[in-house]
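J.: If you scroll down you'll find the structure; I have some questions about it.
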Amino acid sequence: MCAVIVAMFVTPAPQQVIGESSRIFYFHVPQAWVSVLAFALAMVFSVRYLRSRQPADDDRARTAAALGLMFCLLATITGSLFARVYWGSFWNWDPREMSIFVLLLIYFAYFALRGAIEVEERRAALSAVYAVFAFVTVPLLVFVLPRMVPGLHPGANVANEDAAFSMSPTVAVIFFPALAVFTVLFVWIFTLASRIQALSRADEEKDM
Amino acid sequence: MQANYVVMAVTLIVWIGLFLFLMRLDKKVRQLERRPK
């Protein structure tokens with residue numbers, strides 16, 4: 001990762017029109033990617049819970065959703081910093097900002113739901129069903145809706161063609177390893193959290 | 001360009017710190033897992 005970070009800062013900015021602030025692309029996009037991956041994993045473990053009724057699957061689904069929310073928040077914060085530099089304001093209600101805001105609300109609601117139910121089996125079952133339905137919105141909110149309407153966000157947009165993004169080979173050489181590093185980081189944190197939960201569950205069972 | 005190096009140094013410190021924290025946590029969890037049941 002150290003080599004990737006050094007390369008991110010010593011090579012020319014990935015988008016010359018945007019300038020130096022476009023370097024945030026190397027962090028912002030992998031964070032958004034990892035959040036989608038985490039929400040997908042939360043859905044997979046929720047389905048597994050509904051089939052197996054094993055509390056460990058519910059624990060993993062909750063961990064994945066929590067990490068997804070954390071990476072989604074990081075993507076929102078880094079995006080907002082970029083917006084301040086390039087668009088002049090931290091929040092502009094751009095379609096991309098709207099969609100990530102809705103996504104954050106959906107997954108905050110997942111934890112609100114979990115917090116509202118005391119009986120463990122009921123909480124696990126209801127939140128598993130919710131996580132499955134919540135994931136249906138993820139591809140729509142992340143990949144489809146922001147591309148359907150013109151907006152300020154670099155990439156697929158009409159209103160800001162000067163910032164249209166095409167990845168040069170140099171950028172790709174830095175970007176894809178950064179994507180891999182963020183994915184490995186997520187998997188590592190997820191595995192660690194799952195192991196800690198398994199240990200604490202085993203301790204609880206021993207005390208009973 | 002000077003500012004870039006400052007941001008790079010801060011980013012490196014944060015990432016190295018995070019890496020060391022996760023390494024320590026991993027080690028501690030492994031010790032707990034090896035504990036006799």
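Labels used: A, B, ... for chains in the order of the structure tokens, numbers from 1 for residues in each chain, and numbers from 1 for ligands as shown.
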Can you check which parts of chain A lie within 7 Å of chain B? Per residue, the shortest pair of atoms and distance in Å to one decimal, counting only C-alpha atoms, sorted by chain and number, as JSON lines.
T.:
```
{"residue": "A:Cys2", "atom": "CA", "partner": "B:Leu12", "partner_atom": "CA", "distance": 6.5}
{"residue": "A:Ile5", "atom": "CA", "partner": "B:Met8", "partner_atom": "CA", "distance": 6.9}
{"residue": "A:Val6", "atom": "CA", "partner": "B:Met8", "partner_atom": "CA", "distance": 6.7}
{"residue": "A:Phe9", "atom": "CA", "partner": "B:Asn4", "partner_atom": "CA", "distance": 6.2}
{"residue": "A:Leu192", "atom": "CA", "partner": "B:Asp26", "partner_atom": "CA", "distance": 6.6}
{"residue": "A:Ile196", "atom": "CA", "partner": "B:Val29", "partner_atom": "CA", "distance": 6.8}
```
J.: Can you measure atom CA of Ala131 of chain A to atom CA of Leu73 of chain A for me? One decimal in Å is fine.
T.: 17.9 Å
J.: Give me the residues near segment 51-58 of chain A as JSON, numbers by chain, where near means some atom within 8 Å (using only C-alpha atoms) and where sequence neighbours in that chain fewer than 5 positions away do not count.
T.: {"A": [45, 46, 124, 128, 198]}
J.: Which residues are close to Gly79 of chain A, i.e. within 9 Å by only C-alpha atoms, leaving aside same-chain residues fewer than 4 positions away? Reply as number ranges by chain.
T.: A: 24-25, 28, 74-75, 83-84, 90, 97
J.: Take the residues from that selection and put them in a file with N, CA and C atoms, as a CSV table (one decimal), in the first residue's frame.
T.:
```csv
chain,number,residue,atom,x,y,z
A,24,ILE,N,-8.1,12.5,-5.2
A,24,ILE,CA,-9.0,11.8,-4.2
A,24,ILE,C,-9.7,10.6,-4.9
A,25,PHE,N,-9.8,10.6,-6.2
A,25,PHE,CA,-10.3,9.5,-7.0
A,25,PHE,C,-9.8,8.2,-6.5
A,28,HIS,N,-11.6,7.6,-3.1
A,28,HIS,CA,-13.1,7.8,-3.1
A,28,HIS,C,-13.7,6.6,-3.8
A,74,LEU,N,-17.3,7.1,4.5
A,74,LEU,CA,-16.0,7.6,4.1
A,74,LEU,C,-16.0,8.1,2.7
A,75,ALA,N,-16.7,7.4,1.8
A,75,ALA,CA,-16.9,7.8,0.4
A,75,ALA,C,-17.6,9.1,0.3
A,83,ALA,N,-16.1,18.0,-3.5
A,83,ALA,CA,-17.1,19.0,-3.9
A,83,ALA,C,-16.8,20.4,-3.4
A,84,ARG,N,-16.2,20.5,-2.2
A,84,ARG,CA,-15.9,21.8,-1.7
A,84,ARG,C,-14.8,22.5,-2.5
A,90,PHE,N,-19.7,22.0,0.1
A,90,PHE,CA,-19.6,20.6,0.6
A,90,PHE,C,-20.7,19.8,0.1
A,97,GLU,N,-25.0,12.7,-5.0
A,97,GLU,CA,-25.0,12.9,-3.6
A,97,GLU,C,-26.4,12.5,-3.0
```
J.: What does the distance from atom CA of Val187 of chain A to atom CA of Ser80 of chain A come to in Å, to one decimal?
T.: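 Calculated distance between atom CA of Val187 of chain A and atom CA of Ser80 of chain A is 25.7 Å.
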J.: For segment 61-66 of chain A, find every residue with an atom within 8 Å (counting only C-alpha atoms), except residues of its own chain fewer than 6 positions away, and show them as a list in words.
T.: Ala38, Phe39, Leu41, Ala42, Met43, Val44, Phe45, Ser46, Tyr107, Ala128, Phe190, Ala193 and Ser194 of chain A
